[in-house]
Amino acid sequence: VYSLFYEKIELVKMCFWIVFFKSKENYLTNQKHIRIIVQYENLGDRMKIQLSKIISVPKYEETVEASIDLNEIKLKGVSYPIREKNDFSIVFRNIGKDKISFSFETEVTLGIPCSRCLEEVSYPVSVKVTKELDFSDLDEEDSSYIKDKYLDLDILIFDEVVPKLPSRVLCKEECKGLCPVCGTNLNEKECGCDRTVADPRMAAIQDIFKNFKEV
């Protein structure tokens with residue numbers, strides 16, 4: 001009887017873990033799907049390059065003049081406008097059955113707010129890409145910008161630029177920032193506000209002195 005009882009317990013535990021891990025797998029899959037949709041949903045009309053001929057013709061080579069249609073890099077609800085972008089050449093080569101390579105270099109200049117005063121700072125980002133693709137076995141990273149034998153250039157540029165975004169930008173090293181009281185840009189003028197920040201650890205002692213004076 002005890003043996004049967006413990007067997008049932010083990011069976012219940014096994015079912016629990018199977019359901020748990022399956023639910024976790026589905027959750028992560030859904031989260032990943034949501035992340036991709038959020039990441040690319042605002043890219044709008046984009047330049048797409050047809051790759052069928054490059055894939056199918058042995059030793060084929062072609063240079064394509066390309067341009068960036070993106071006008072901003074939007075990430076986590078924050079938009080960084082692209083202030084400068086240049087046309088550039090992409091060199092495509094057939095390097096085997098269902099395999100191609102391509103390479104290009106370009107630069108985009110983003111408008112990023114200063115971390116202290118919020119004034120826009122021009123921030124150049126260099127983009128240098130060299131890739132080899134096997135269309136018989138595209139990995140997940142490449143399939144983000146390759147759809148139905150089209151190269152989605154703006155998604156590729158987006159993927160290359162985002163990791164190079166700085167965590168902090170200053171308009172100048174000595175930037176004074178904004179007044180925490182009235183919001184005046186202290187690089188432009190002094191506002192005269194009292195910006196003394198009291199140490200909260202001294203609040204109790206200050207209350208004692210205040211009460212003492214009142215007595």
# chains A, B, ... in the order shown; residues from 1 in each chain; ligands from 1
$ residues_around --residues "A:Glu72" --least-positions-apart "4" --cutoff "12 Å" --atoms "only C-alpha atoms" --output "PDB file with C-alpha atoms, in the first residue's frame"
ATOM      1  CA  TYR A  40      10.563  46.305 -35.691  1.00  0.00           C
ATOM      2  CA  ASN A  42       7.750  51.143 -36.327  1.00  0.00           C
ATOM      3  CA  LEU A  43      10.317  50.850 -39.122  1.00  0.00           C
ATOM      4  CA  GLY A  44       7.740  51.677 -41.822  1.00  0.00           C
ATOM      5  CA  ILE A  68      18.776  53.926 -45.612  1.00  0.00           C
ATOM      6  CA  GLY A  77       9.875  53.923 -26.201  1.00  0.00           C
ATOM      7  CA  VAL A  78      12.742  56.370 -26.807  1.00  0.00           C
ATOM      8  CA  SER A  79      13.285  57.769 -30.297  1.00  0.00           C
ATOM      9  CA  TYR A  80      16.702  58.835 -31.589  1.00  0.00           C
ATOM     10  CA  PRO A  81      16.365  60.766 -34.886  1.00  0.00           C
ATOM     11  CA  ILE A  82      18.814  60.014 -37.677  1.00  0.00           C
ATOM     12  CA  ARG A  83      20.242  63.416 -38.583  1.00  0.00           C
ATOM     13  CA  GLU A  84      22.680  62.284 -41.280  1.00  0.00           C
ATOM     14  CA  LYS A  85      22.910  59.214 -43.528  1.00  0.00           C
ATOM     15  CA  VAL A 108      24.723  57.347 -39.544  1.00  0.00           C
ATOM     16  CA  THR A 109      24.575  60.310 -37.189  1.00  0.00           C
ATOM     17  CA  LEU A 110      21.982  60.175 -34.443  1.00  0.00           C
ATOM     18  CA  GLY A 111      20.554  62.954 -32.314  1.00  0.00           C
ATOM     19  CA  ILE A 112      20.906  61.813 -28.701  1.00  0.00           C
ATOM     20  CA  ASP A 154      16.809  48.880 -42.608  1.00  0.00           C
ATOM     21  CA  ILE A 155      16.323  46.026 -40.142  1.00  0.00           C
ATOM     22  CA  ILE A 157      21.082  48.657 -40.054  1.00  0.00           C
ATOM     23  CA  PHE A 158      18.840  48.804 -36.983  1.00  0.00           C
ATOM     24  CA  VAL A 161      23.290  50.408 -34.691  1.00  0.00           C
ATOM     25  CA  VAL A 162      21.406  49.458 -31.504  1.00  0.00           C
TER      26      VAL A 162
END
$ residues_around --residues "A:Ser101" --least-positions-apart "5" --cutoff "8 Å" --atoms "only C-alpha atoms" --output "compact mmCIF listing (two decimals) with all heavy atoms, in the first residue's frame"
# COMPACT_ATOMS: atom_id res chain seq x y z
N PHE A 92 27.72 42.01 -53.36
CA PHE A 92 27.17 40.67 -53.16
C PHE A 92 27.96 39.67 -54.00
O PHE A 92 28.34 39.96 -55.13
CB PHE A 92 25.70 40.61 -53.59
CG PHE A 92 24.77 41.39 -52.72
CD1 PHE A 92 24.45 42.71 -53.02
CD2 PHE A 92 24.19 40.81 -51.59
CE1 PHE A 92 23.58 43.43 -52.23
CE2 PHE A 92 23.32 41.53 -50.79
CZ PHE A 92 23.02 42.83 -51.10
N ARG A 93 28.16 38.48 -53.45
CA ARG A 93 28.85 37.40 -54.19
C ARG A 93 28.17 36.06 -53.90
O ARG A 93 27.77 35.79 -52.77
CB ARG A 93 30.32 37.30 -53.77
CG ARG A 93 31.18 38.49 -54.18
CD ARG A 93 32.65 38.26 -53.83
NE ARG A 93 33.49 39.38 -54.27
CZ ARG A 93 33.75 40.45 -53.52
NH1 ARG A 93 33.23 40.53 -52.31
NH2 ARG A 93 34.52 41.41 -53.99
N ASN A 94 28.07 35.24 -54.96
CA ASN A 94 27.66 33.85 -54.78
C ASN A 94 28.91 33.06 -54.44
O ASN A 94 29.88 33.07 -55.20
CB ASN A 94 27.02 33.32 -56.07
CG ASN A 94 26.61 31.86 -55.94
OD1 ASN A 94 27.44 30.98 -55.80
ND2 ASN A 94 25.31 31.61 -56.02
N ILE A 95 28.91 32.38 -53.30
CA ILE A 95 30.12 31.66 -52.87
C ILE A 95 29.90 30.15 -52.75
O ILE A 95 30.69 29.44 -52.14
CB ILE A 95 30.63 32.21 -51.51
CG1 ILE A 95 29.53 32.14 -50.44
CG2 ILE A 95 31.12 33.64 -51.67
CD1 ILE A 95 30.00 32.52 -49.05
N THR A 130 30.11 42.57 -42.75
CA THR A 130 30.58 41.50 -43.64
C THR A 130 29.91 40.22 -43.19
O THR A 130 30.09 39.79 -42.05
CB THR A 130 32.11 41.33 -43.57
OG1 THR A 130 32.74 42.55 -43.98
CG2 THR A 130 32.56 40.21 -44.50
N LYS A 131 29.10 39.63 -44.08
CA LYS A 131 28.34 38.45 -43.69
C LYS A 131 28.38 37.38 -44.78
O LYS A 131 28.47 37.69 -45.97
CB LYS A 131 26.88 38.82 -43.39
CG LYS A 131 26.71 39.60 -42.10
CD LYS A 131 25.26 39.80 -41.76
CE LYS A 131 25.09 40.53 -40.44
NZ LYS A 131 25.45 39.70 -39.28
N GLU A 132 28.29 36.14 -44.33
CA GLU A 132 28.11 35.00 -45.22
C GLU A 132 26.82 34.29 -44.80
O GLU A 132 26.63 34.01 -43.61
CB GLU A 132 29.29 34.04 -45.14
CG GLU A 132 30.58 34.62 -45.71
CD GLU A 132 31.70 33.59 -45.75
OE1 GLU A 132 31.47 32.43 -45.34
OE2 GLU A 132 32.81 33.95 -46.19
N LEU A 133 25.95 34.01 -45.78
CA LEU A 133 24.66 33.40 -45.49
C LEU A 133 24.52 32.07 -46.22
O LEU A 133 24.84 31.97 -47.41
CB LEU A 133 23.52 34.33 -45.91
CG LEU A 133 23.49 35.74 -45.30
CD1 LEU A 133 22.32 36.52 -45.88
CD2 LEU A 133 23.41 35.67 -43.80
$ atom_distance --atom1 "atom CA of A:Glu62" --atom2 "atom CA of A:Asp98"
15.9 Å
$ select_by_dssp --residues "stretch 41-204 of chain A" --states "helix (DSSP H, G or I)" --output "list of chain:residue names"
A:Ser52, A:Lys53, A:Ile54, A:Ile55, A:Ser56, A:Glu140, A:Glu141, A:Asp142, A:Ser143, A:Leu153, A:Asp154, A:Ile155, A:Leu156, A:Ile157, A:Phe158, A:Asp159, A:Glu160, A:Val161, A:Val162, A:Pro163, A:Lys164, A:Pro200, A:Arg201, A:Met202, A:Ala203, A:Ala204
$ atom_distance --atom1 "atom CA of A:Pro163" --atom2 "atom CA of A:Ile73"
11.6 Å
$ closest_residue --among "A:Cys171, A:Leu153, A:Leu165, A:Leu51" --to "A:Lys74" --atoms "only C-alpha atoms"
A:Leu165
$ closest_residue --among "A:Leu70, A:Arg168, A:Leu138, A:Lys76" --to "A:Leu118" --atoms "only C-alpha atoms"
A:Arg168
$ residues_around --residues "A:Ser136" --least-positions-apart "6" --cutoff "12 Å" --atoms "only C-alpha atoms" --output "number ranges by chain"
A: 55, 96-100, 143, 149
$ closest_residue --among "A:Cys191, A:Cys179, A:Val169, A:Val57" --to "A:Glu119" --atoms "only C-alpha atoms"
A:Val169
$ closest_residue --among "A:Ile49, A:Cys117, A:Val91, A:Val64" --to "A:Cys175" --atoms "only C-alpha atoms"
A:Cys117
$ atom_distance --atom1 "atom CA of A:Tyr60" --atom2 "atom CA of A:Ser126"
28.3 Å
